[in-house]
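Asks: Provided herewith: input-v2.pdb, PDB, N, CA and C atoms.
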```
ATOM      1  N   MET Z   1     -14.413  -7.060  -6.469
ATOM      2  CA  MET Z   1     -13.381  -8.057  -6.248
ATOM      3  C   MET Z   1     -12.063  -7.354  -5.905
ATOM      4  N   ALA Z   2     -11.394  -7.853  -4.891
ATOM      5  CA  ALA Z   2     -10.129  -7.269  -4.455
ATOM      6  C   ALA Z   2      -9.037  -7.553  -5.475
ATOM      7  N   PRO Z   3      -8.096  -6.615  -5.637
ATOM      8  CA  PRO Z   3      -6.997  -6.854  -6.582
ATOM      9  C   PRO Z   3      -6.145  -8.038  -6.129
ATOM     10  N   GLN Z   4      -5.561  -8.724  -7.100
ATOM     11  CA  GLN Z   4      -4.690  -9.867  -6.829
ATOM     12  C   GLN Z   4      -3.280  -9.552  -7.327
ATOM     13  N   PRO Z   5      -2.255 -10.011  -6.597
ATOM     14  CA  PRO Z   5      -0.884  -9.797  -7.073
ATOM     15  C   PRO Z   5      -0.679 -10.416  -8.454
ATOM     16  N   LEU Z   6       0.099  -9.713  -9.273
ATOM     17  CA  LEU Z   6       0.447 -10.237 -10.595
ATOM     18  C   LEU Z   6       1.617 -11.207 -10.475
ATOM     19  N   SER Z   7       1.657 -12.173 -11.376
ATOM     20  CA  SER Z   7       2.798 -13.094 -11.435
ATOM     21  C   SER Z   7       3.980 -12.362 -12.071
ATOM     22  N   GLU Z   8       5.146 -12.976 -11.999
ATOM     23  CA  GLU Z   8       6.332 -12.377 -12.630
ATOM     24  C   GLU Z   8       6.118 -12.205 -14.129
ATOM     25  N   VAL Z   9       5.485 -13.174 -14.754
ATOM     26  CA  VAL Z   9       5.215 -13.101 -16.193
ATOM     27  C   VAL Z   9       4.254 -11.953 -16.489
ATOM     28  N   GLU Z  10       3.204 -11.814 -15.692
ATOM     29  CA  GLU Z  10       2.234 -10.736 -15.898
ATOM     30  C   GLU Z  10       2.879  -9.366 -15.680
ATOM     31  N   ILE Z  11       3.764  -9.266 -14.711
ATOM     32  CA  ILE Z  11       4.473  -8.003 -14.471
ATOM     33  C   ILE Z  11       5.361  -7.683 -15.668
ATOM     34  N   ALA Z  12       6.077  -8.671 -16.179
ATOM     35  CA  ALA Z  12       6.943  -8.466 -17.350
ATOM     36  C   ALA Z  12       6.119  -8.017 -18.551
ATOM     37  N   GLU Z  13       4.947  -8.610 -18.736
ATOM     38  CA  GLU Z  13       4.063  -8.209 -19.835
ATOM     39  C   GLU Z  13       3.618  -6.762 -19.657
ATOM     40  N   ALA Z  14       3.242  -6.394 -18.437
ATOM     41  CA  ALA Z  14       2.807  -5.019 -18.165
ATOM     42  C   ALA Z  14       3.951  -4.040 -18.439
ATOM     43  N   LEU Z  15       5.157  -4.378 -17.983
ATOM     44  CA  LEU Z  15       6.307  -3.494 -18.178
ATOM     45  C   LEU Z  15       6.673  -3.337 -19.648
ATOM     46  N   SER Z  16       6.384  -4.343 -20.463
ATOM     47  CA  SER Z  16       6.714  -4.239 -21.882
ATOM     48  C   SER Z  16       5.933  -3.111 -22.559
ATOM     49  N   GLY Z  17       4.818  -2.723 -21.994
ATOM     50  CA  GLY Z  17       4.028  -1.619 -22.532
ATOM     51  C   GLY Z  17       4.211  -0.325 -21.778
ATOM     52  N   LEU Z  18       5.179  -0.286 -20.861
ATOM     53  CA  LEU Z  18       5.419   0.906 -20.042
ATOM     54  C   LEU Z  18       6.877   1.331 -20.170
ATOM     55  N   PRO Z  19       7.216   2.069 -21.232
ATOM     56  CA  PRO Z  19       8.620   2.452 -21.445
ATOM     57  C   PRO Z  19       9.169   3.259 -20.268
ATOM     58  N   GLY Z  20      10.357   2.884 -19.836
ATOM     59  CA  GLY Z  20      11.015   3.601 -18.753
ATOM     60  C   GLY Z  20      10.656   3.109 -17.362
ATOM     61  N   TRP Z  21       9.621   2.295 -17.247
ATOM     62  CA  TRP Z  21       9.211   1.750 -15.952
ATOM     63  C   TRP Z  21      10.006   0.478 -15.674
ATOM     64  N   THR Z  22      10.338   0.270 -14.397
ATOM     65  CA  THR Z  22      11.066  -0.929 -13.988
ATOM     66  C   THR Z  22      10.402  -1.510 -12.744
ATOM     67  N   LEU Z  23      10.765  -2.728 -12.431
ATOM     68  CA  LEU Z  23      10.339  -3.363 -11.197
ATOM     69  C   LEU Z  23      11.500  -3.270 -10.228
ATOM     70  N   GLU Z  24      11.264  -2.631  -9.102
ATOM     71  CA  GLU Z  24      12.271  -2.547  -8.038
ATOM     72  C   GLU Z  24      11.650  -3.149  -6.796
ATOM     73  N   GLY Z  25      12.106  -4.338  -6.452
ATOM     74  CA  GLY Z  25      11.484  -5.057  -5.342
ATOM     75  C   GLY Z  25      10.059  -5.404  -5.731
ATOM     76  N   ASP Z  26       9.114  -4.929  -4.956
ATOM     77  CA  ASP Z  26       7.697  -5.166  -5.234
ATOM     78  C   ASP Z  26       7.003  -3.883  -5.661
ATOM     79  N   ARG Z  27       7.685  -3.055  -6.435
ATOM     80  CA  ARG Z  27       7.118  -1.779  -6.868
ATOM     81  C   ARG Z  27       7.416  -1.521  -8.331
ATOM     82  N   LEU Z  28       6.469  -0.889  -9.010
ATOM     83  CA  LEU Z  28       6.729  -0.346 -10.342
ATOM     84  C   LEU Z  28       7.271   1.058 -10.130
ATOM     85  N   VAL Z  29       8.375   1.380 -10.789
ATOM     86  CA  VAL Z  29       9.091   2.631 -10.536
ATOM     87  C   VAL Z  29       9.430   3.325 -11.843
ATOM     88  N   ARG Z  30       9.313   4.651 -11.829
ATOM     89  CA  ARG Z  30       9.703   5.457 -13.000
ATOM     90  C   ARG Z  30      10.148   6.813 -12.500
ATOM     91  N   ASN Z  31      11.205   7.347 -13.071
ATOM     92  CA  ASN Z  31      11.683   8.694 -12.775
ATOM     93  C   ASN Z  31      11.558   9.543 -14.033
ATOM     94  N   TYR Z  32      11.025  10.730 -13.865
ATOM     95  CA  TYR Z  32      10.825  11.660 -14.976
ATOM     96  C   TYR Z  32      11.663  12.905 -14.757
ATOM     97  N   VAL Z  33      12.127  13.484 -15.862
ATOM     98  CA  VAL Z  33      12.804  14.776 -15.841
ATOM     99  C   VAL Z  33      11.956  15.726 -16.664
ATOM    100  N   LEU Z  34      11.685  16.897 -16.086
ATOM    101  CA  LEU Z  34      10.866  17.898 -16.759
ATOM    102  C   LEU Z  34      11.681  19.166 -16.982
ATOM    103  N   GLY Z  35      11.093  20.138 -17.662
ATOM    104  CA  GLY Z  35      11.795  21.346 -18.068
ATOM    105  C   GLY Z  35      12.098  22.339 -16.959
ATOM    106  N   GLY Z  36      11.646  22.101 -15.768
ATOM    107  CA  GLY Z  36      11.879  23.001 -14.644
ATOM    108  C   GLY Z  36      11.008  22.592 -13.472
ATOM    109  N   HIS Z  37      11.069  23.408 -12.423
ATOM    110  CA  HIS Z  37      10.324  23.084 -11.213
ATOM    111  C   HIS Z  37       8.811  23.169 -11.419
ATOM    112  N   LEU Z  38       8.335  24.239 -12.031
ATOM    113  CA  LEU Z  38       6.884  24.388 -12.216
ATOM    114  C   LEU Z  38       6.289  23.301 -13.109
ATOM    115  N   PRO Z  39       6.942  22.910 -14.209
ATOM    116  CA  PRO Z  39       6.401  21.792 -14.975
ATOM    117  C   PRO Z  39       6.356  20.484 -14.160
ATOM    118  N   ALA Z  40       7.340  20.268 -13.308
ATOM    119  CA  ALA Z  40       7.341  19.068 -12.470
ATOM    120  C   ALA Z  40       6.204  19.110 -11.458
ATOM    121  N   VAL Z  41       5.968  20.274 -10.868
ATOM    122  CA  VAL Z  41       4.856  20.422  -9.920
ATOM    123  C   VAL Z  41       3.524  20.230 -10.643
ATOM    124  N   ALA Z  42       3.406  20.768 -11.847
ATOM    125  CA  ALA Z  42       2.163  20.617 -12.617
ATOM    126  C   ALA Z  42       1.892  19.143 -12.899
ATOM    127  N   MET Z  43       2.924  18.394 -13.261
ATOM    128  CA  MET Z  43       2.726  16.972 -13.516
ATOM    129  C   MET Z  43       2.346  16.248 -12.233
ATOM    130  N   LEU Z  44       2.974  16.604 -11.131
ATOM    131  CA  LEU Z  44       2.645  15.996  -9.845
ATOM    132  C   LEU Z  44       1.165  16.207  -9.514
ATOM    133  N   VAL Z  45       0.679  17.421  -9.712
ATOM    134  CA  VAL Z  45      -0.728  17.717  -9.437
ATOM    135  C   VAL Z  45      -1.637  16.927 -10.374
ATOM    136  N   HIS Z  46      -1.244  16.807 -11.623
ATOM    137  CA  HIS Z  46      -2.028  16.035 -12.593
ATOM    138  C   HIS Z  46      -2.083  14.565 -12.162
ATOM    139  N   ILE Z  47      -0.959  14.019 -11.721
ATOM    140  CA  ILE Z  47      -0.928  12.639 -11.228
ATOM    141  C   ILE Z  47      -1.855  12.496 -10.019
ATOM    142  N   ALA Z  48      -1.803  13.470  -9.110
ATOM    143  CA  ALA Z  48      -2.661  13.413  -7.922
ATOM    144  C   ALA Z  48      -4.134  13.373  -8.307
ATOM    145  N   THR Z  49      -4.510  14.101  -9.333
ATOM    146  CA  THR Z  49      -5.892  14.104  -9.810
ATOM    147  C   THR Z  49      -6.287  12.727 -10.335
ATOM    148  N   VAL Z  50      -5.400  12.110 -11.112
ATOM    149  CA  VAL Z  50      -5.660  10.773 -11.643
ATOM    150  C   VAL Z  50      -5.758   9.757 -10.499
ATOM    151  N   GLN Z  51      -4.882   9.884  -9.529
ATOM    152  CA  GLN Z  51      -4.895   8.966  -8.389
ATOM    153  C   GLN Z  51      -6.220   9.055  -7.629
ATOM    154  N   GLU Z  52      -6.696  10.259  -7.423
ATOM    155  CA  GLU Z  52      -7.974  10.424  -6.736
ATOM    156  C   GLU Z  52      -9.105   9.801  -7.540
ATOM    157  N   GLU Z  53      -9.068  10.003  -8.848
ATOM    158  CA  GLU Z  53     -10.080   9.427  -9.736
ATOM    159  C   GLU Z  53     -10.084   7.900  -9.640
ATOM    160  N   MET Z  54      -8.899   7.307  -9.573
ATOM    161  CA  MET Z  54      -8.775   5.851  -9.523
ATOM    162  C   MET Z  54      -8.874   5.298  -8.096
ATOM    163  N   ASN Z  55      -8.793   6.180  -7.098
ATOM    164  CA  ASN Z  55      -8.724   5.778  -5.694
ATOM    165  C   ASN Z  55      -7.566   4.797  -5.475
ATOM    166  N   HIS Z  56      -6.436   5.151  -6.075
ATOM    167  CA  HIS Z  56      -5.214   4.346  -5.961
ATOM    168  C   HIS Z  56      -4.047   5.326  -6.024
ATOM    169  N   HIS Z  57      -3.152   5.250  -5.059
ATOM    170  CA  HIS Z  57      -2.160   6.307  -4.887
ATOM    171  C   HIS Z  57      -0.733   5.778  -4.906
ATOM    172  N   ALA Z  58       0.083   6.398  -5.728
ATOM    173  CA  ALA Z  58       1.511   6.088  -5.807
ATOM    174  C   ALA Z  58       2.270   6.964  -4.812
ATOM    175  N   ASP Z  59       3.499   6.576  -4.529
ATOM    176  CA  ASP Z  59       4.411   7.441  -3.782
ATOM    177  C   ASP Z  59       5.081   8.342  -4.805
ATOM    178  N   LEU Z  60       5.052   9.635  -4.546
ATOM    179  CA  LEU Z  60       5.619  10.625  -5.461
ATOM    180  C   LEU Z  60       6.737  11.377  -4.756
ATOM    181  N   THR Z  61       7.838  11.599  -5.478
ATOM    182  CA  THR Z  61       8.968  12.345  -4.940
ATOM    183  C   THR Z  61       9.321  13.450  -5.924
ATOM    184  N   LEU Z  62       9.322  14.677  -5.436
ATOM    185  CA  LEU Z  62       9.629  15.837  -6.271
ATOM    186  C   LEU Z  62      10.947  16.448  -5.819
ATOM    187  N   THR Z  63      11.878  16.589  -6.762
ATOM    188  CA  THR Z  63      13.147  17.261  -6.508
ATOM    189  C   THR Z  63      13.427  18.181  -7.682
ATOM    190  N   TYR Z  64      13.162  19.462  -7.503
ATOM    191  CA  TYR Z  64      13.274  20.500  -8.510
ATOM    192  C   TYR Z  64      12.582  20.104  -9.803
ATOM    193  N   ASN Z  65      13.303  19.580 -10.797
ATOM    194  CA  ASN Z  65      12.671  19.238 -12.078
ATOM    195  C   ASN Z  65      12.553  17.726 -12.277
ATOM    196  N   ARG Z  66      12.692  16.990 -11.214
ATOM    197  CA  ARG Z  66      12.626  15.529 -11.284
ATOM    198  C   ARG Z  66      11.455  15.026 -10.455
ATOM    199  N   LEU Z  67      10.738  14.078 -11.032
ATOM    200  CA  LEU Z  67       9.576  13.509 -10.361
ATOM    201  C   LEU Z  67       9.719  11.997 -10.361
ATOM    202  N   GLY Z  68       9.768  11.415  -9.168
ATOM    203  CA  GLY Z  68       9.849   9.969  -9.030
ATOM    204  C   GLY Z  68       8.491   9.401  -8.673
ATOM    205  N   VAL Z  69       8.161   8.267  -9.276
ATOM    206  CA  VAL Z  69       6.889   7.600  -9.030
ATOM    207  C   VAL Z  69       7.189   6.151  -8.650
ATOM    208  N   SER Z  70       6.547   5.693  -7.582
ATOM    209  CA  SER Z  70       6.703   4.322  -7.120
ATOM    210  C   SER Z  70       5.324   3.818  -6.705
ATOM    211  N   VAL Z  71       4.906   2.680  -7.270
ATOM    212  CA  VAL Z  71       3.539   2.230  -7.025
ATOM    213  C   VAL Z  71       3.466   0.729  -6.761
ATOM    214  N   ASN Z  72       2.684   0.389  -5.750
ATOM    215  CA  ASN Z  72       2.290  -0.986  -5.474
ATOM    216  C   ASN Z  72       0.955  -0.919  -4.737
ATOM    217  N   THR Z  73       0.397  -2.080  -4.405
ATOM    218  CA  THR Z  73      -0.918  -2.113  -3.780
ATOM    219  C   THR Z  73      -0.783  -2.568  -2.330
ATOM    220  N   HIS Z  74      -1.017  -1.644  -1.416
ATOM    221  CA  HIS Z  74      -0.848  -1.923   0.010
ATOM    222  C   HIS Z  74      -1.806  -3.001   0.512
ATOM    223  N   SER Z  75      -3.022  -3.039  -0.045
ATOM    224  CA  SER Z  75      -4.042  -3.969   0.457
ATOM    225  C   SER Z  75      -3.733  -5.435   0.154
ATOM    226  N   VAL Z  76      -2.733  -5.692  -0.694
ATOM    227  CA  VAL Z  76      -2.314  -7.077  -0.967
ATOM    228  C   VAL Z  76      -0.871  -7.292  -0.514
ATOM    229  N   GLY Z  77      -0.492  -6.617   0.547
ATOM    230  CA  GLY Z  77       0.847  -6.803   1.111
ATOM    231  C   GLY Z  77       1.948  -6.109   0.356
ATOM    232  N   GLY Z  78       1.600  -5.030  -0.366
ATOM    233  CA  GLY Z  78       2.617  -4.272  -1.080
ATOM    234  C   GLY Z  78       3.103  -4.930  -2.358
ATOM    235  N   LYS Z  79       2.289  -5.776  -2.942
ATOM    236  CA  LYS Z  79       2.638  -6.440  -4.204
ATOM    237  C   LYS Z  79       2.114  -5.624  -5.386
ATOM    238  N   VAL Z  80       2.579  -5.968  -6.578
ATOM    239  CA  VAL Z  80       2.129  -5.306  -7.805
ATOM    240  C   VAL Z  80       0.863  -5.993  -8.302
ATOM    241  N   THR Z  81      -0.148  -5.175  -8.619
ATOM    242  CA  THR Z  81      -1.415  -5.683  -9.139
ATOM    243  C   THR Z  81      -1.721  -5.008 -10.476
ATOM    244  N   GLU Z  82      -2.788  -5.444 -11.121
ATOM    245  CA  GLU Z  82      -3.235  -4.833 -12.371
ATOM    246  C   GLU Z  82      -3.551  -3.356 -12.163
ATOM    247  N   LEU Z  83      -4.036  -3.013 -10.988
ATOM    248  CA  LEU Z  83      -4.338  -1.613 -10.679
ATOM    249  C   LEU Z  83      -3.080  -0.756 -10.751
ATOM    250  N   ASP Z  84      -1.960  -1.289 -10.310
ATOM    251  CA  ASP Z  84      -0.687  -0.560 -10.393
ATOM    252  C   ASP Z  84      -0.281  -0.351 -11.846
ATOM    253  N   ALA Z  85      -0.431  -1.390 -12.648
ATOM    254  CA  ALA Z  85      -0.096  -1.279 -14.067
ATOM    255  C   ALA Z  85      -0.998  -0.264 -14.757
ATOM    256  N   GLN Z  86      -2.272  -0.238 -14.391
ATOM    257  CA  GLN Z  86      -3.195   0.733 -14.971
ATOM    258  C   GLN Z  86      -2.806   2.155 -14.579
ATOM    259  N   LEU Z  87      -2.474   2.359 -13.297
ATOM    260  CA  LEU Z  87      -2.059   3.687 -12.854
ATOM    261  C   LEU Z  87      -0.775   4.107 -13.556
ATOM    262  N   ALA Z  88       0.185   3.202 -13.663
ATOM    263  CA  ALA Z  88       1.437   3.511 -14.367
ATOM    264  C   ALA Z  88       1.146   3.902 -15.817
ATOM    265  N   GLY Z  89       0.238   3.201 -16.451
ATOM    266  CA  GLY Z  89      -0.134   3.530 -17.827
ATOM    267  C   GLY Z  89      -0.743   4.912 -17.940
ATOM    268  N   ARG Z  90      -1.610   5.250 -17.011
ATOM    269  CA  ARG Z  90      -2.229   6.584 -17.025
ATOM    270  C   ARG Z  90      -1.167   7.660 -16.801
ATOM    271  N   ILE Z  91      -0.242   7.413 -15.887
ATOM    272  CA  ILE Z  91       0.830   8.377 -15.613
ATOM    273  C   ILE Z  91       1.711   8.525 -16.846
ATOM    274  N   GLU Z  92       2.019   7.421 -17.504
ATOM    275  CA  GLU Z  92       2.859   7.471 -18.702
ATOM    276  C   GLU Z  92       2.180   8.295 -19.794
ATOM    277  N   GLU Z  93       0.877   8.122 -19.964
ATOM    278  CA  GLU Z  93       0.136   8.906 -20.957
ATOM    279  C   GLU Z  93       0.206  10.401 -20.658
ATOM    280  N   LEU Z  94      -0.028  10.767 -19.413
ATOM    281  CA  LEU Z  94      -0.030  12.204 -19.106
ATOM    282  C   LEU Z  94       1.384  12.789 -19.101
ATOM    283  N   SER Z  95       2.394  11.951 -18.917
ATOM    284  CA  SER Z  95       3.772  12.457 -18.956
ATOM    285  C   SER Z  95       4.100  13.036 -20.322
ATOM    286  N   LEU Z  96       3.507  12.459 -21.357
ATOM    287  CA  LEU Z  96       3.737  12.967 -22.709
ATOM    288  C   LEU Z  96       3.204  14.399 -22.851
ATOM    289  N   ALA Z  97       2.049  14.647 -22.268
ATOM    290  CA  ALA Z  97       1.457  15.984 -22.322
ATOM    291  C   ALA Z  97       2.284  17.005 -21.547
ATOM    292  N   HIS Z  98       3.051  16.540 -20.584
ATOM    293  CA  HIS Z  98       3.874  17.439 -19.772
ATOM    294  C   HIS Z  98       5.302  17.555 -20.297
ATOM    295  N   GLY Z  99       5.615  16.855 -21.366
ATOM    296  CA  GLY Z  99       6.961  16.933 -21.939
ATOM    297  C   GLY Z  99       8.008  16.280 -21.091
ATOM    298  N   ALA Z 100       7.613  15.301 -20.285
ATOM    299  CA  ALA Z 100       8.562  14.623 -19.401
ATOM    300  C   ALA Z 100       9.384  13.607 -20.186
ATOM    301  N   SER Z 101      10.597  13.408 -19.711
ATOM    302  CA  SER Z 101      11.443  12.363 -20.316
ATOM    303  C   SER Z 101      11.976  11.455 -19.226
TER     304      SER Z 101
END
```
Starting from the coordinates I provided, produce the structure as structure tokens.
Replies:
Amino acid sequence: MAPQPLSEVEIAEALSGLPGWTLEGDRLVRNYVLGGHLPAVAMLVHIATVQEEMNHHADLTLTYNRLGVSVNTHSVGGKVTELDAQLAGRIEELSLAHGAS
């Protein structure tokens, strides 16, 4: 079954369990700060591995020790779906292992 866009209420519920994540337009967004460039690159690679596993890919931006994540589902017109919330949750979990704030 193809993913379906979440309602505003469903997005708010998803965000309540994703500290630091916000809704910007039709995207779930989070910015992380890490201890340096190599830790940020390591987290980026870890995220890429999770994305491949899920076959769902966020936009990632790396600037020295900062990593930006922006996710929505292109196949439903760039709206937020449960798949986006799941990916954000997985990224949030692994951010703890990388010491991101």
Asks: Calculated over only N, CA and C atoms, which of the candidates Z:Val41, Z:Val9, Z:Val29, Z:Leu15 has the smallest distance to Tyr64 of chain Z?
Replies: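 Of Z:Val41, Z:Val9, Z:Val29, Z:Leu15, the one nearest Tyr64 of chain Z, counting only N, CA and C atoms, is Z:Val41.
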Asks: Can you translate the PyMOL selection byres (((chain Z and resi 85 and name CA) around 10) and name CA) into the concrete residues it hits in this file, as a list of chain:residue names?
Replies: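 Applying the PyMOL selection byres (((chain Z and resi 85 and name CA) around 10) and name CA) to the structure shown produces Z:Leu6, Z:Glu10, Z:Ile11, Z:Glu13, Z:Ala14, Z:Leu15, Z:Gly17, Z:Leu18, Z:Trp21, Z:Leu28, Z:Val71, Z:Asn72, Z:Val80, Z:Thr81, Z:Glu82, Z:Leu83, Z:Asp84, Z:Gln86, Z:Leu87, Z:Ala88, Z:Gly89, Z:Arg90, Z:Ile91.
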Asks: Atom CA of Ser16 of chain Z and atom N of Gly77 of chain Z, how far apart in Å?
Replies: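 Computed distance, atom N of Gly77 of chain Z to atom CA of Ser16 of chain Z, equals 23.7 Å.
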Asks: For atom N of Ala100 of chain Z and atom N of Ala40 of chain Z, quote the distance in Å rounded to one decimal.
Replies: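 Distance reported for this atom pair: 8.6 Å.
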Asks: Measuring between all atoms listed in the file, which one of Z:Ser95, Z:Thr61, Z:Ser101, Z:His56 shows the shortest distance to Gly20 of chain Z?
Replies: Z:Ser101
Asks: Written as a PyMOL selection string, what is the full residue list that the PyMOL selection byres (((chain Z and resi 34 and name CA) around 8) and name CA) yields on the file shown?
Replies: chain Z and resi 32-33+35-37+39-40+65-67+98-101
Asks: Between atom C of Ser70 of chain Z and atom C of Ala58 of chain Z, what is the spacing in Å?
Replies: 4.8 Å
Asks: When DSSP works through the backbone of this structure, what residues of chain Z end up as alpha helix (DSSP H), shown as a PyMOL selection string?
Replies: chain Z and resi 8-16+37-54+82-97
Asks: Contacts of Val69 of chain Z at 6 Å or less, counting only C-alpha atoms, minus same-chain residues fewer than 5 places along, as number ranges by chain?
Replies: Z: 29-30, 59-60
Asks: Among chain Z, which residues does DSSP mark as strand (DSSP E or B) when it is run on the backbone? Keep the chain and numbering as in the structure and answer as a ChimeraX atom specification.
Replies: /Z:5,22-24,27-33,59-63,66-71,73,79,81
Asks: I'd like the box whose edges run along x, y and z of the file and which contains every listed atom of segment 23-30 of chain Z, padded by 6 Å per side; could you state its centre and edge lengths in Å, one decimal, as lines of an AutoDock Vina configuration file?
Replies:
```
center_x = 9.4
center_y = 0.7
center_z = -9.0
size_x = 17.8
size_y = 24.2
size_z = 20.0
```
Asks: Given the file above and the PyMOL selection byres (((chain Z and resi 26 and name CA) around 7) and name CA), which residues are selected, and can you give them as a list in words?
Replies: Leu23, Glu24, Gly25, Arg27, Asn72, Gly78, Lys79 and Val80 of chain Z
